[in-house]
Every structure is written in structure tokens, then in C-alpha cells.
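What follows is the content of final25.cif, which has mmCIF, C-alpha atoms (C1' of nucleotides):
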```cif
data_start
#
loop_
_atom_site.label_atom_id
_atom_site.label_comp_id
_atom_site.auth_asym_id
_atom_site.auth_seq_id
_atom_site.Cartn_x
_atom_site.Cartn_y
_atom_site.Cartn_z
CA MET M 1 15.18 -6.44 -27.86
CA LEU M 2 11.59 -5.28 -27.53
CA ARG M 3 9.10 -7.66 -29.09
CA HIS M 4 5.57 -7.15 -30.20
CA SER M 5 2.73 -8.62 -28.16
CA LYS M 6 -1.01 -8.53 -28.76
CA GLN M 7 -1.56 -7.74 -25.11
CA ARG M 8 0.69 -4.68 -25.06
CA GLU M 9 -0.83 -3.41 -28.29
CA SER M 10 -4.29 -3.81 -26.85
CA ILE M 11 -3.35 -2.02 -23.61
CA ARG M 12 -1.83 0.86 -25.59
CA ARG M 13 -4.98 1.07 -27.74
CA TYR M 14 -7.22 0.94 -24.65
CA LEU M 15 -5.44 3.89 -23.06
CA ASP M 16 -5.57 5.76 -26.34
CA MET M 17 -9.32 5.30 -26.68
CA HIS M 18 -10.44 5.67 -23.07
CA ARG M 19 -9.69 9.01 -21.46
CA THR M 20 -11.10 7.82 -18.14
CA HIS M 21 -7.79 7.58 -16.22
CA PRO M 22 -8.32 3.88 -15.48
CA THR M 23 -6.54 1.87 -12.83
CA ALA M 24 -4.56 -1.27 -13.74
CA GLU M 25 -7.46 -3.29 -12.33
CA THR M 26 -9.97 -1.57 -14.63
CA VAL M 27 -7.81 -2.10 -17.71
CA TYR M 28 -7.38 -5.73 -16.68
CA LEU M 29 -11.09 -6.38 -16.24
CA ASP M 30 -12.02 -4.66 -19.50
CA LEU M 31 -9.34 -6.41 -21.56
CA LYS M 32 -10.59 -9.75 -20.30
CA GLN M 33 -13.33 -9.45 -22.93
CA GLU M 34 -10.66 -9.60 -25.61
CA PHE M 35 -8.14 -11.82 -23.78
CA PRO M 36 -9.93 -14.06 -21.29
CA ASN M 37 -6.59 -15.33 -19.98
CA ILE M 38 -4.78 -12.00 -19.66
CA SER M 39 -3.13 -11.67 -16.28
CA LEU M 40 -3.01 -8.68 -13.97
CA GLY M 41 0.79 -8.93 -13.91
CA THR M 42 0.90 -8.47 -17.67
CA VAL M 43 -1.27 -5.36 -17.40
CA TYR M 44 0.95 -3.87 -14.70
CA ARG M 45 4.16 -4.73 -16.54
CA ASN M 46 2.96 -3.16 -19.77
CA LEU M 47 1.37 -0.09 -18.19
CA ASN M 48 4.59 0.60 -16.33
CA GLY M 49 6.67 -0.03 -19.44
CA LEU M 50 4.54 2.35 -21.49
CA ALA M 51 4.76 4.95 -18.73
CA ASP M 52 8.55 4.56 -18.47
CA SER M 53 8.91 5.08 -22.21
CA GLY M 54 6.65 8.14 -22.06
CA GLU M 55 3.82 6.70 -24.14
CA ILE M 56 1.32 7.09 -21.30
CA LEU M 57 1.25 8.92 -17.96
CA ARG M 58 1.19 7.55 -14.44
CA ILE M 59 -1.09 9.58 -12.16
CA SER M 60 -0.87 9.33 -8.40
CA SER M 61 -3.13 11.39 -6.16
CA GLY M 62 -1.32 10.18 -3.04
CA ASP M 63 -4.31 8.04 -2.12
CA GLY M 64 -5.67 4.89 -3.69
CA PRO M 65 -4.33 3.04 -6.71
CA VAL M 66 -2.24 4.59 -9.48
CA ARG M 67 -4.21 5.71 -12.52
CA TYR M 68 -2.96 5.81 -16.09
CA ASP M 69 -3.56 8.40 -18.78
CA GLY M 70 -3.15 7.92 -22.52
CA ASN M 71 -3.16 11.67 -23.03
CA THR M 72 0.50 12.66 -22.85
CA SER M 73 -0.01 16.28 -23.83
CA PRO M 74 0.87 18.59 -20.93
CA HIS M 75 -1.99 18.98 -18.48
CA TYR M 76 -2.74 18.60 -14.78
CA HIS M 77 -5.11 16.47 -12.73
CA PHE M 78 -7.78 17.00 -10.11
CA THR M 79 -9.34 14.65 -7.58
CA CYS M 80 -12.76 15.37 -6.06
CA THR M 81 -12.55 15.14 -2.27
CA GLU M 82 -16.22 14.17 -2.15
CA CYS M 83 -16.57 11.37 -4.70
CA GLY M 84 -12.96 10.58 -5.62
CA SER M 85 -13.44 11.20 -9.35
CA LEU M 86 -10.41 12.27 -11.36
CA HIS M 87 -10.51 15.05 -13.96
CA ASP M 88 -8.17 16.78 -16.36
CA ILE M 89 -7.25 20.40 -15.86
CA ALA M 90 -6.03 22.03 -19.04
CA ILE M 91 -3.33 24.37 -17.81
CA ALA M 92 0.11 24.70 -19.35
CA PRO M 93 3.21 23.27 -17.62
CA GLN M 94 4.13 25.55 -14.73
CA THR M 95 7.86 25.43 -15.36
CA GLN M 96 8.37 28.62 -13.37
CA LEU M 97 7.67 26.49 -10.28
CA ASN M 98 10.84 24.50 -10.93
CA ALA M 99 12.80 27.71 -11.36
CA LEU M 100 11.35 29.11 -8.14
CA ALA M 101 12.10 25.91 -6.25
CA ASN M 102 15.66 25.89 -7.58
CA LYS M 103 16.25 29.34 -6.10
CA HIS M 104 15.43 27.97 -2.67
CA PHE M 105 17.24 24.65 -2.88
CA GLU M 106 20.89 23.58 -2.97
CA GLY M 107 20.27 20.63 -5.29
CA THR M 108 18.83 20.66 -8.80
CA VAL M 109 15.06 20.68 -9.25
CA THR M 110 14.18 19.20 -12.63
CA GLY M 111 10.45 18.68 -12.33
CA HIS M 112 7.36 18.66 -10.20
CA SER M 113 4.07 16.90 -9.89
CA THR M 114 1.02 18.94 -8.95
CA HIS M 115 -2.35 17.46 -8.13
CA PHE M 116 -5.42 19.60 -7.47
CA PHE M 117 -8.24 18.94 -5.02
CA GLY M 118 -11.74 20.28 -4.46
CA LEU M 119 -15.29 19.58 -5.61
CA CYS M 120 -16.04 18.23 -9.06
CA PRO M 121 -18.88 19.86 -11.06
CA LYS M 122 -21.33 17.16 -10.00
CA CYS M 123 -20.55 17.25 -6.27
CA LYS M 124 -20.43 21.05 -6.33
CA ASN M 125 -24.13 21.02 -7.26
CA ASN M 126 -25.16 18.09 -5.09
CA ILE M 127 -24.21 19.73 -1.82
CA LEU M 128 -27.23 19.42 0.43
CA MET U 1 -13.97 12.34 24.13
CA LEU U 2 -10.26 12.54 23.36
CA ARG U 3 -8.09 11.10 26.08
CA HIS U 4 -4.46 11.58 26.86
CA SER U 5 -2.02 8.78 26.11
CA LYS U 6 1.70 8.57 26.72
CA GLN U 7 2.17 7.05 23.30
CA ARG U 8 0.44 9.86 21.41
CA GLU U 9 2.33 12.45 23.43
CA SER U 10 5.60 10.75 22.60
CA ILE U 11 4.76 10.53 18.90
CA ARG U 12 3.85 14.21 18.83
CA ARG U 13 7.11 15.08 20.60
CA TYR U 14 9.10 12.85 18.23
CA LEU U 15 7.72 14.65 15.17
CA ASP U 16 8.36 17.97 16.81
CA MET U 17 12.00 17.17 17.53
CA HIS U 18 12.93 15.24 14.39
CA ARG U 19 12.64 17.15 11.13
CA THR U 20 13.63 14.07 9.13
CA HIS U 21 10.20 13.35 7.55
CA PRO U 22 10.09 9.86 9.06
CA THR U 23 7.84 7.03 7.94
CA ALA U 24 5.46 5.35 10.41
CA GLU U 25 7.90 2.43 10.50
CA THR U 26 10.79 4.71 11.52
CA VAL U 27 8.77 6.37 14.27
CA TYR U 28 7.70 2.93 15.46
CA LEU U 29 11.23 1.54 15.62
CA ASP U 30 12.61 4.63 17.37
CA LEU U 31 9.83 4.82 19.94
CA LYS U 32 10.44 1.19 20.86
CA GLN U 33 13.36 2.48 22.95
CA GLU U 34 10.86 4.31 25.14
CA PHE U 35 7.91 1.92 24.79
CA PRO U 36 9.18 -1.61 24.09
CA ASN U 37 5.60 -2.83 23.57
CA ILE U 38 4.32 -0.03 21.36
CA SER U 39 2.53 -1.39 18.32
CA LEU U 40 2.76 -0.25 14.72
CA GLY U 41 -1.02 0.15 14.65
CA THR U 42 -0.83 2.66 17.49
CA VAL U 43 1.78 4.64 15.60
CA TYR U 44 -0.33 4.71 12.42
CA ARG U 45 -3.52 5.58 14.30
CA ASN U 46 -1.89 8.48 16.10
CA LEU U 47 0.06 9.81 13.12
CA ASN U 48 -3.12 9.85 11.08
CA GLY U 49 -5.07 11.44 13.92
CA LEU U 50 -2.45 14.16 14.34
CA ALA U 51 -2.42 14.74 10.57
CA ASP U 52 -6.22 14.93 10.43
CA SER U 53 -6.26 17.51 13.21
CA GLY U 54 -3.56 19.54 11.43
CA GLU U 55 -0.87 19.06 14.07
CA ILE U 56 1.47 17.35 11.62
CA LEU U 57 1.63 16.93 7.83
CA ARG U 58 1.25 13.84 5.70
CA ILE U 59 3.69 13.79 2.76
CA SER U 60 3.21 11.51 -0.21
CA SER U 61 5.64 11.53 -3.11
CA GLY U 62 3.51 9.08 -5.06
CA ASP U 63 6.05 6.34 -4.45
CA GLY U 64 6.95 4.44 -1.30
CA PRO U 65 5.49 4.89 2.17
CA VAL U 66 3.85 8.06 3.45
CA ARG U 67 6.15 10.35 5.40
CA TYR U 68 5.16 12.65 8.24
CA ASP U 69 6.33 16.17 9.00
CA GLY U 70 6.10 17.97 12.33
CA ASN U 71 6.73 21.28 10.61
CA THR U 72 3.29 22.60 9.74
CA SER U 73 4.42 25.99 8.50
CA PRO U 74 3.77 26.36 4.76
CA HIS U 75 6.50 24.80 2.65
CA TYR U 76 6.96 22.27 -0.15
CA HIS U 77 8.83 18.99 -0.50
CA PHE U 78 11.40 17.48 -2.81
CA THR U 79 12.41 13.88 -3.49
CA CYS U 80 15.80 13.02 -4.98
CA THR U 81 15.33 10.73 -7.97
CA GLU U 82 18.77 9.26 -7.33
CA CYS U 83 18.79 8.38 -3.61
CA GLY U 84 15.15 8.89 -2.63
CA SER U 85 15.94 11.41 0.12
CA LEU U 86 13.25 13.93 1.02
CA HIS U 87 13.96 17.62 1.58
CA ASP U 88 12.09 20.79 2.45
CA ILE U 89 11.78 23.57 -0.07
CA ALA U 90 11.02 26.90 1.56
CA ILE U 91 8.68 28.54 -0.92
CA ALA U 92 5.43 30.26 -0.03
CA PRO U 93 2.06 28.64 -0.78
CA GLN U 94 1.36 28.99 -4.51
CA THR U 95 -2.29 29.89 -4.12
CA GLN U 96 -2.37 31.41 -7.60
CA LEU U 97 -2.21 27.83 -8.90
CA ASN U 98 -5.62 27.15 -7.41
CA ALA U 99 -6.98 30.32 -8.99
CA LEU U 100 -5.48 29.37 -12.34
CA ALA U 101 -6.86 25.83 -12.12
CA ASN U 102 -10.31 27.19 -11.22
CA LYS U 103 -10.37 29.22 -14.42
CA HIS U 104 -9.96 26.05 -16.43
CA PHE U 105 -12.30 23.78 -14.47
CA GLU U 106 -16.07 23.62 -14.00
CA GLY U 107 -15.85 22.43 -10.40
CA THR U 108 -14.25 24.20 -7.43
CA VAL U 109 -10.52 23.84 -6.85
CA THR U 110 -9.75 24.41 -3.18
CA GLY U 111 -6.17 23.19 -2.93
CA HIS U 112 -3.24 21.43 -4.50
CA SER U 113 -0.30 19.29 -3.57
CA THR U 114 2.99 19.89 -5.34
CA HIS U 115 6.01 17.66 -4.99
CA PHE U 116 9.37 18.50 -6.59
CA PHE U 117 11.89 16.08 -8.09
CA GLY U 118 15.54 16.24 -9.13
CA LEU U 119 18.97 15.73 -7.63
CA CYS U 120 19.68 16.45 -3.97
CA PRO U 121 22.87 18.40 -3.11
CA LYS U 122 24.74 15.21 -2.31
CA CYS U 123 23.79 13.30 -5.49
CA LYS U 124 24.34 16.42 -7.58
CA ASN U 125 28.01 16.28 -6.61
CA ASN U 126 28.40 12.51 -6.63
CA ILE U 127 27.58 12.09 -10.31
CA LEU U 128 30.40 10.03 -11.75
"C1'" DG E 1 -9.51 7.33 47.03
"C1'" DA E 2 -12.68 3.68 44.81
"C1'" DT E 3 -15.14 2.66 40.84
"C1'" DA E 4 -17.45 2.63 36.39
"C1'" DT E 5 -17.03 3.61 31.68
"C1'" DA E 6 -15.27 4.74 27.50
"C1'" DA E 7 -11.07 5.45 24.93
"C1'" DA E 8 -6.57 3.75 23.76
"C1'" DT E 9 -3.52 0.07 23.38
"C1'" DA E 10 -0.92 -4.38 21.95
"C1'" DG E 11 -1.01 -8.06 19.24
"C1'" DT E 12 -2.33 -9.97 15.33
"C1'" DA E 13 -5.16 -10.90 11.26
"C1'" DA E 14 -6.68 -8.99 7.13
"C1'" DT E 15 -6.61 -6.07 3.18
"C1'" DA E 16 -5.12 -3.36 -1.05
"C1'" DG E 17 -2.05 -2.57 -4.41
"C1'" DT E 18 1.78 -4.05 -6.72
"C1'" DT E 19 5.87 -6.80 -7.89
"C1'" DC E 20 8.22 -11.16 -8.38
"C1'" DT E 21 8.90 -16.04 -9.79
"C1'" DT E 22 8.60 -19.82 -12.87
"C1'" DA E 23 7.09 -22.79 -16.27
"C1'" DT E 24 5.10 -22.21 -20.75
"C1'" DT E 25 4.05 -19.77 -24.95
"C1'" DT E 26 4.98 -16.69 -28.68
"C1'" DC E 27 7.71 -13.67 -31.47
"C1'" DT E 28 11.24 -12.88 -34.82
"C1'" DG E 29 15.95 -13.21 -36.97
"C1'" DT E 30 18.48 -16.59 -39.43
"C1'" DA Q 1 11.64 -24.63 -39.88
"C1'" DC Q 2 13.87 -23.65 -35.92
"C1'" DA Q 3 16.65 -21.66 -32.11
"C1'" DG Q 4 16.95 -18.15 -28.77
"C1'" DA Q 5 15.05 -14.49 -26.41
"C1'" DA Q 6 11.18 -11.95 -24.83
"C1'" DA Q 7 6.47 -12.03 -23.18
"C1'" DT Q 8 2.94 -14.40 -20.99
"C1'" DA Q 9 -0.38 -16.67 -17.31
"C1'" DA Q 10 -0.87 -18.08 -12.88
"C1'" DG Q 11 -0.10 -17.53 -8.55
"C1'" DA Q 12 3.13 -16.61 -4.63
"C1'" DA Q 13 5.22 -12.95 -2.24
"C1'" DC Q 14 5.74 -8.46 -0.68
"C1'" DT Q 15 4.88 -3.62 1.19
"C1'" DA Q 16 2.17 -0.44 3.32
"C1'" DT Q 17 -1.73 0.17 5.82
"C1'" DT Q 18 -6.11 -0.73 8.23
"C1'" DA Q 19 -9.24 -3.62 10.97
"C1'" DC Q 20 -10.37 -6.58 14.79
"C1'" DT Q 21 -10.50 -7.93 19.61
"C1'" DA Q 22 -9.28 -8.71 24.19
"C1'" DT Q 23 -6.92 -6.08 27.63
"C1'" DT Q 24 -5.22 -1.93 29.73
"C1'" DT Q 25 -5.56 2.83 31.05
"C1'" DA Q 26 -7.33 7.53 31.67
"C1'" DT Q 27 -10.65 10.29 33.69
"C1'" DA Q 28 -15.28 11.76 35.40
"C1'" DT Q 29 -18.18 10.93 39.19
"C1'" DC Q 30 -19.18 9.32 43.52
#
```

Would you mind writing the file's structure down as C-alpha cells?
Amino acid sequence: MLRHSKQRESIRRYLDMHRTHPTAETVYLDLKQEFPNISLGTVYRNLNGLADSGEILRISSGDGPVRYDGNTSPHYHFTCTECGSLHDIAIAPQTQLNALANKHFEGTVTGHSTHFFGLCPKCKNNIL
Amino acid sequence: MLRHSKQRESIRRYLDMHRTHPTAETVYLDLKQEFPNISLGTVYRNLNGLADSGEILRISSGDGPVRYDGNTSPHYHFTCTECGSLHDIAIAPQTQLNALANKHFEGTVTGHSTHFFGLCPKCKNNIL
DNA sequence: GATATAAATAGTAATAGTTCTTATTTCTGT
DNA sequence: ACAGAAATAAGAACTATTACTATTTATATC
């Protein structure tokens, strides 16, 4: 039986208000203002629970810590190879990729995860 | 100045002969037959060096250890959500994704990494 | 071939990110 | 109010990887 907790509610609200793709560590440090005794384990447990139930997204660039996203509407992500910043890319789900992959694979492809790389707007202009 | 080493040569050869997408740990344990004193650090250093110079590929599914691939010809990868096995998917580079992403992003998208998920042939048949 | 030098190694410590364990606290149904 | 179950805080443990350092090894030059 799932029970209410102030901490989980606060984590959910944090992700809903901040569209900064924070790490567990960032959420933890920020929520310490509200809950001085909150523990990192609680943040991880709840972030992963929320992600498992589809209320938030887990973003992994393949490098560095996992980031979380309160925006569950379909979109993709981008990491700047220069400064490491993470951005949203508003393109529709590329479901044709799954279909294409299925044609070339004996198993069943049900999904994919695509992460883009390049230069963010800031770094694009700061190139010396 | 880059110098020859028996260990690096053996690691390169291992990746060239085994198309099993091994982890650094697996390469380490297997090469111990040939070099009983080889160290895990040496394996990591060389795998990463080879990947940086484009001689092998680094594969990250976003979960678990990095895997390495001696097959540098363009292809994609798939992880079975049931058993965790990793497979090749022989589809051509989807460069149009970068173009599409660029249209919806202020920065410059130069590449992407796509990883597929689903059921491998074995697990597809073993569903009880 | 001997030798100097810089690169690579083995062995191990250290780190980053995350999960696990346990005693305590807090929900919530009765 | 209270019992039982779920969630928590605190910290230990774990996994994957990188860093450090003394020693070994490759290779350019003599």
C-alpha cells in the first residue's frame, strides 16, 4: 500500500516546478532548505519510484549522474560536449525508428532512447 | 609519443576477435590467461584510449557498466529488458535525426546516440 | 649492443554515483 | 487511540571507474 509522505510530495513538486533536469544530488541539496534532515537515500528512492510509475523521466547521457525531468510529454534531450549542459529538444517520438530496428532484428524492439550531442547556443557563440 | 605494449596489442586483438560487447571486467578476466599480472587499470586505460582514437566503440545503455565493441562499422545496439543481453542492430546511421534536431534547437547538433530496448530472440520465445 | 629517457604497467588507493540496511518515525485503516 | 505497515534518516556497502606511485619496458640515440 502506497502511503503519502511530505518528502515525496515535495520531490514531485520540485520536479514539476524546476525544468532544469536536476541530478538527485541537486534535488537533495535544494530540498534541505525545506527538510534539513532529508536523506539522499530518500531522494533517490522517491525519484526512482516516480520514474518507475511514469510521473517523471530518468535521463542518462551515458556519462555522469542520472538527471530527472518532470516534463513527461514526449521530447528528446541534448548534452553540450563543451560545457555539459543539458537541453530539451522538442521533436516528436520517432516511432519509425523502432519499426526500422524491428525489420533488422529477430527479437522485438519496443522502444529506444536517443540522446543528442553538439554545441549548446552559448558555447556555439563562445568558440574562440 | 605512443609506445607499443603487449597488453594494448592483446586488448585490441581481443576486441577484434570477440564480437560479444564485453565489459572492461570481462576483457580483464579473459586476458589474465595470457597476462596473469595484467591490471584492471591497464585494461580501462587502453580500452578508453582505443575508443578515443576511434579503433573501438564505447557502448552505454544507461544502465550497468560500459561495454566495448571492436566493430566500428556503423550500426546500432539493443539491450534486452528481460535478460540484459546486448545485440547489434544493422541499420544505417540515421543522420536525418541530427538534421531534424537542429531544426528544433538553437545550438548545433552534431551527433546522437540511440539505444534500442525490447525482448531478445531468446526471451521473446521464453515468455511463460 | 649499452644506455638514457619517457611511456606503460601493476598494484592499490581513492572517487563518484547509487543502493542497501536498520533502527526509528510517521501514516492511515480500524 | 492504537496497531501494523510503509517511509524515513543515517550511514554502511557496493559497483564502476579513475588516480597515484613505484617499477618495468620500449625505443631513440650513442

Can you show chain U as a tab-separated table (two decimals) with C-alpha atoms, keeping the file's coordinate frame once it has been least-squares superposed onto chain M, using every C-alpha atom paired in order?
```
chain	number	residue	atom	x	y	z
U	1	MET	CA	15.10	-6.64	-27.88
U	2	LEU	CA	11.52	-5.43	-27.58
U	3	ARG	CA	9.01	-7.78	-29.12
U	4	HIS	CA	5.48	-7.24	-30.24
U	5	SER	CA	2.64	-8.67	-28.18
U	6	LYS	CA	-1.09	-8.57	-28.77
U	7	GLN	CA	-1.64	-7.77	-25.13
U	8	ARG	CA	0.62	-4.72	-25.07
U	9	GLU	CA	-0.90	-3.47	-28.31
U	10	SER	CA	-4.37	-3.83	-26.85
U	11	ILE	CA	-3.40	-2.04	-23.64
U	12	ARG	CA	-1.88	0.81	-25.62
U	13	ARG	CA	-5.03	1.05	-27.75
U	14	TYR	CA	-7.25	0.92	-24.65
U	15	LEU	CA	-5.45	3.89	-23.08
U	16	ASP	CA	-5.60	5.74	-26.35
U	17	MET	CA	-9.35	5.28	-26.70
U	18	HIS	CA	-10.44	5.67	-23.08
U	19	ARG	CA	-9.68	9.01	-21.47
U	20	THR	CA	-11.08	7.83	-18.13
U	21	HIS	CA	-7.75	7.58	-16.23
U	22	PRO	CA	-8.30	3.89	-15.48
U	23	THR	CA	-6.50	1.88	-12.83
U	24	ALA	CA	-4.56	-1.27	-13.76
U	25	GLU	CA	-7.46	-3.28	-12.32
U	26	THR	CA	-9.97	-1.54	-14.62
U	27	VAL	CA	-7.83	-2.10	-17.70
U	28	TYR	CA	-7.41	-5.73	-16.67
U	29	LEU	CA	-11.13	-6.36	-16.21
U	30	ASP	CA	-12.05	-4.63	-19.48
U	31	LEU	CA	-9.40	-6.40	-21.54
U	32	LYS	CA	-10.66	-9.75	-20.27
U	33	GLN	CA	-13.41	-9.41	-22.89
U	34	GLU	CA	-10.75	-9.60	-25.58
U	35	PHE	CA	-8.23	-11.81	-23.77
U	36	PRO	CA	-10.04	-14.05	-21.26
U	37	ASN	CA	-6.69	-15.33	-19.94
U	38	ILE	CA	-4.86	-12.02	-19.64
U	39	SER	CA	-3.18	-11.69	-16.27
U	40	LEU	CA	-3.05	-8.68	-13.97
U	41	GLY	CA	0.75	-8.94	-13.92
U	42	THR	CA	0.85	-8.50	-17.69
U	43	VAL	CA	-1.30	-5.40	-17.41
U	44	TYR	CA	0.94	-3.89	-14.72
U	45	ARG	CA	4.14	-4.78	-16.57
U	46	ASN	CA	2.94	-3.20	-19.79
U	47	LEU	CA	1.38	-0.11	-18.21
U	48	ASN	CA	4.61	0.56	-16.38
U	49	GLY	CA	6.67	-0.10	-19.50
U	50	LEU	CA	4.52	2.29	-21.54
U	51	ALA	CA	4.77	4.90	-18.77
U	52	ASP	CA	8.55	4.51	-18.55
U	53	SER	CA	8.89	5.00	-22.29
U	54	GLY	CA	6.66	8.10	-22.14
U	55	GLU	CA	3.80	6.65	-24.19
U	56	ILE	CA	1.33	7.05	-21.34
U	57	LEU	CA	1.28	8.89	-18.00
U	58	ARG	CA	1.24	7.55	-14.47
U	59	ILE	CA	-1.04	9.59	-12.17
U	60	SER	CA	-0.81	9.36	-8.41
U	61	SER	CA	-3.06	11.42	-6.18
U	62	GLY	CA	-1.28	10.20	-3.06
U	63	ASP	CA	-4.27	8.07	-2.16
U	64	GLY	CA	-5.63	4.89	-3.72
U	65	PRO	CA	-4.28	3.04	-6.74
U	66	VAL	CA	-2.19	4.60	-9.49
U	67	ARG	CA	-4.16	5.72	-12.53
U	68	TYR	CA	-2.93	5.79	-16.11
U	69	ASP	CA	-3.53	8.39	-18.80
U	70	GLY	CA	-3.16	7.91	-22.54
U	71	ASN	CA	-3.14	11.66	-23.04
U	72	THR	CA	0.51	12.65	-22.88
U	73	SER	CA	0.02	16.28	-23.85
U	74	PRO	CA	0.90	18.59	-20.95
U	75	HIS	CA	-1.95	18.98	-18.49
U	76	TYR	CA	-2.69	18.61	-14.78
U	77	HIS	CA	-5.07	16.48	-12.74
U	78	PHE	CA	-7.74	17.00	-10.13
U	79	THR	CA	-9.31	14.65	-7.59
U	80	CYS	CA	-12.72	15.36	-6.07
U	81	THR	CA	-12.50	15.14	-2.29
U	82	GLU	CA	-16.17	14.16	-2.18
U	83	CYS	CA	-16.51	11.33	-4.73
U	84	GLY	CA	-12.89	10.59	-5.62
U	85	SER	CA	-13.37	11.19	-9.35
U	86	LEU	CA	-10.34	12.26	-11.37
U	87	HIS	CA	-10.45	15.04	-13.96
U	88	ASP	CA	-8.12	16.79	-16.37
U	89	ILE	CA	-7.23	20.41	-15.86
U	90	ALA	CA	-5.99	22.04	-19.05
U	91	ILE	CA	-3.30	24.39	-17.81
U	92	ALA	CA	0.15	24.73	-19.33
U	93	PRO	CA	3.23	23.30	-17.60
U	94	GLN	CA	4.16	25.59	-14.69
U	95	THR	CA	7.88	25.49	-15.31
U	96	GLN	CA	8.38	28.68	-13.31
U	97	LEU	CA	7.68	26.56	-10.22
U	98	ASN	CA	10.86	24.60	-10.87
U	99	ALA	CA	12.80	27.83	-11.29
U	100	LEU	CA	11.32	29.22	-8.08
U	101	ALA	CA	12.08	26.01	-6.18
U	102	ASN	CA	15.66	26.03	-7.49
U	103	LYS	CA	16.21	29.47	-6.01
U	104	HIS	CA	15.37	28.13	-2.58
U	105	PHE	CA	17.20	24.80	-2.77
U	106	GLU	CA	20.86	23.78	-2.85
U	107	GLY	CA	20.28	20.81	-5.14
U	108	THR	CA	18.86	20.81	-8.68
U	109	VAL	CA	15.10	20.81	-9.16
U	110	THR	CA	14.26	19.31	-12.55
U	111	GLY	CA	10.52	18.77	-12.27
U	112	HIS	CA	7.41	18.73	-10.15
U	113	SER	CA	4.12	16.96	-9.86
U	114	THR	CA	1.06	18.99	-8.94
U	115	HIS	CA	-2.30	17.49	-8.13
U	116	PHE	CA	-5.40	19.63	-7.49
U	117	PHE	CA	-8.21	18.95	-5.03
U	118	GLY	CA	-11.73	20.27	-4.48
U	119	LEU	CA	-15.26	19.57	-5.62
U	120	CYS	CA	-16.02	18.19	-9.07
U	121	PRO	CA	-18.87	19.80	-11.07
U	122	LYS	CA	-21.29	17.08	-10.02
U	123	CYS	CA	-20.52	17.19	-6.27
U	124	LYS	CA	-20.44	20.99	-6.36
U	125	ASN	CA	-24.12	20.93	-7.28
U	126	ASN	CA	-25.14	17.96	-5.15
U	127	ILE	CA	-24.23	19.58	-1.84
U	128	LEU	CA	-27.28	19.21	0.35
```

Fill in: Interface list for chain U, partner chain E, 12 Å threshold, only C-alpha atoms (C1' of nucleotides), as a ChimeraX atom specification
/U:1-8,35-43,45-46,63-64

At most 12 Å is the cut-off: for each residue in chain Q with any atom that close to an atom of chain U, write down the nearest atom pair and the distance in Å rounded to one decimal, counting only C-alpha atoms (C1' of nucleotides), chain first then increasing number, as CSV.
```
residue,atom,partner,partner_atom,distance
Q:DT15,C1',U:Pro65,CA,8.6
Q:DA16,C1',U:Pro65,CA,6.4
Q:DT17,C1',U:Tyr44,CA,8.1
Q:DT18,C1',U:Gly41,CA,8.2
Q:DA19,C1',U:Gly41,CA,9.8
Q:DC20,C1',U:Gly41,CA,11.5
Q:DT24,C1',U:Ser5,CA,11.7
Q:DT25,C1',U:Ser5,CA,8.5
Q:DA26,C1',U:Arg3,CA,6.7
Q:DT27,C1',U:Arg3,CA,8.1
Q:DA28,C1',U:Met1,CA,11.4
```

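Residue nearest chain U, chosen from M:Lys122, M:His112, M:His77, M:His18 and counting all atoms listed in the file: M:His112.
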
Proximity check chain U to chain M, 6 Å, nearest pairs one decimal Å, all atoms listed in the file, as a tab-separated table:
```
residue	atom	partner	partner_atom	distance
U:Ser60	CA	M:Gly62	CA	5.5
U:Gly62	CA	M:Gly62	CA	5.3
U:Glu106	CA	M:Pro121	CA	5.5
U:Gly107	CA	M:Pro121	CA	4.0
U:Thr108	CA	M:Leu119	CA	5.1
U:Val109	CA	M:Gly118	CA	4.5
U:Thr110	CA	M:Gly118	CA	4.8
U:Gly111	CA	M:Phe117	CA	5.2
U:His112	CA	M:Phe116	CA	4.1
U:Ser113	CA	M:His115	CA	5.3
U:Thr114	CA	M:Thr114	CA	4.2
U:His115	CA	M:Ser113	CA	5.3
U:Phe116	CA	M:His112	CA	4.1
U:Phe117	CA	M:Gly111	CA	5.2
U:Gly118	CA	M:Val109	CA	4.5
U:Leu119	CA	M:Thr108	CA	5.1
U:Cys120	CA	M:Gly107	CA	4.4
U:Pro121	CA	M:Gly107	CA	4.1
```

Item to complete: Just say which residues the PyMOL selection byres ((chain M and resi 70) around 9) picks in this file, as a PyMOL selection string.
Response: chain M and resi 12-19+21+55-57+68-69+71-72

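Note that the spacing between atom CA of M:Ala92 and atom CA of M:Ser73 amounts to 9.5 Å.
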
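We find atom C1' of Q:DA12 and atom CA of M:Ala51 to be spaced 25.8 Å apart.
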
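If you look at atom CA of U:Pro22 and atom CA of U:Glu82, they are 18.6 Å away from each other.
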
Stretch 8-26 of chain U, all listed atoms, 4 Å padding on each side: what axis-aligned box centre and edge lengths in Å to one decimal come out, as JSON?
```
{"center_x": 7.0, "center_y": 10.2, "center_z": 15.5, "size_x": 21.2, "size_y": 23.5, "size_z": 23.9}
```
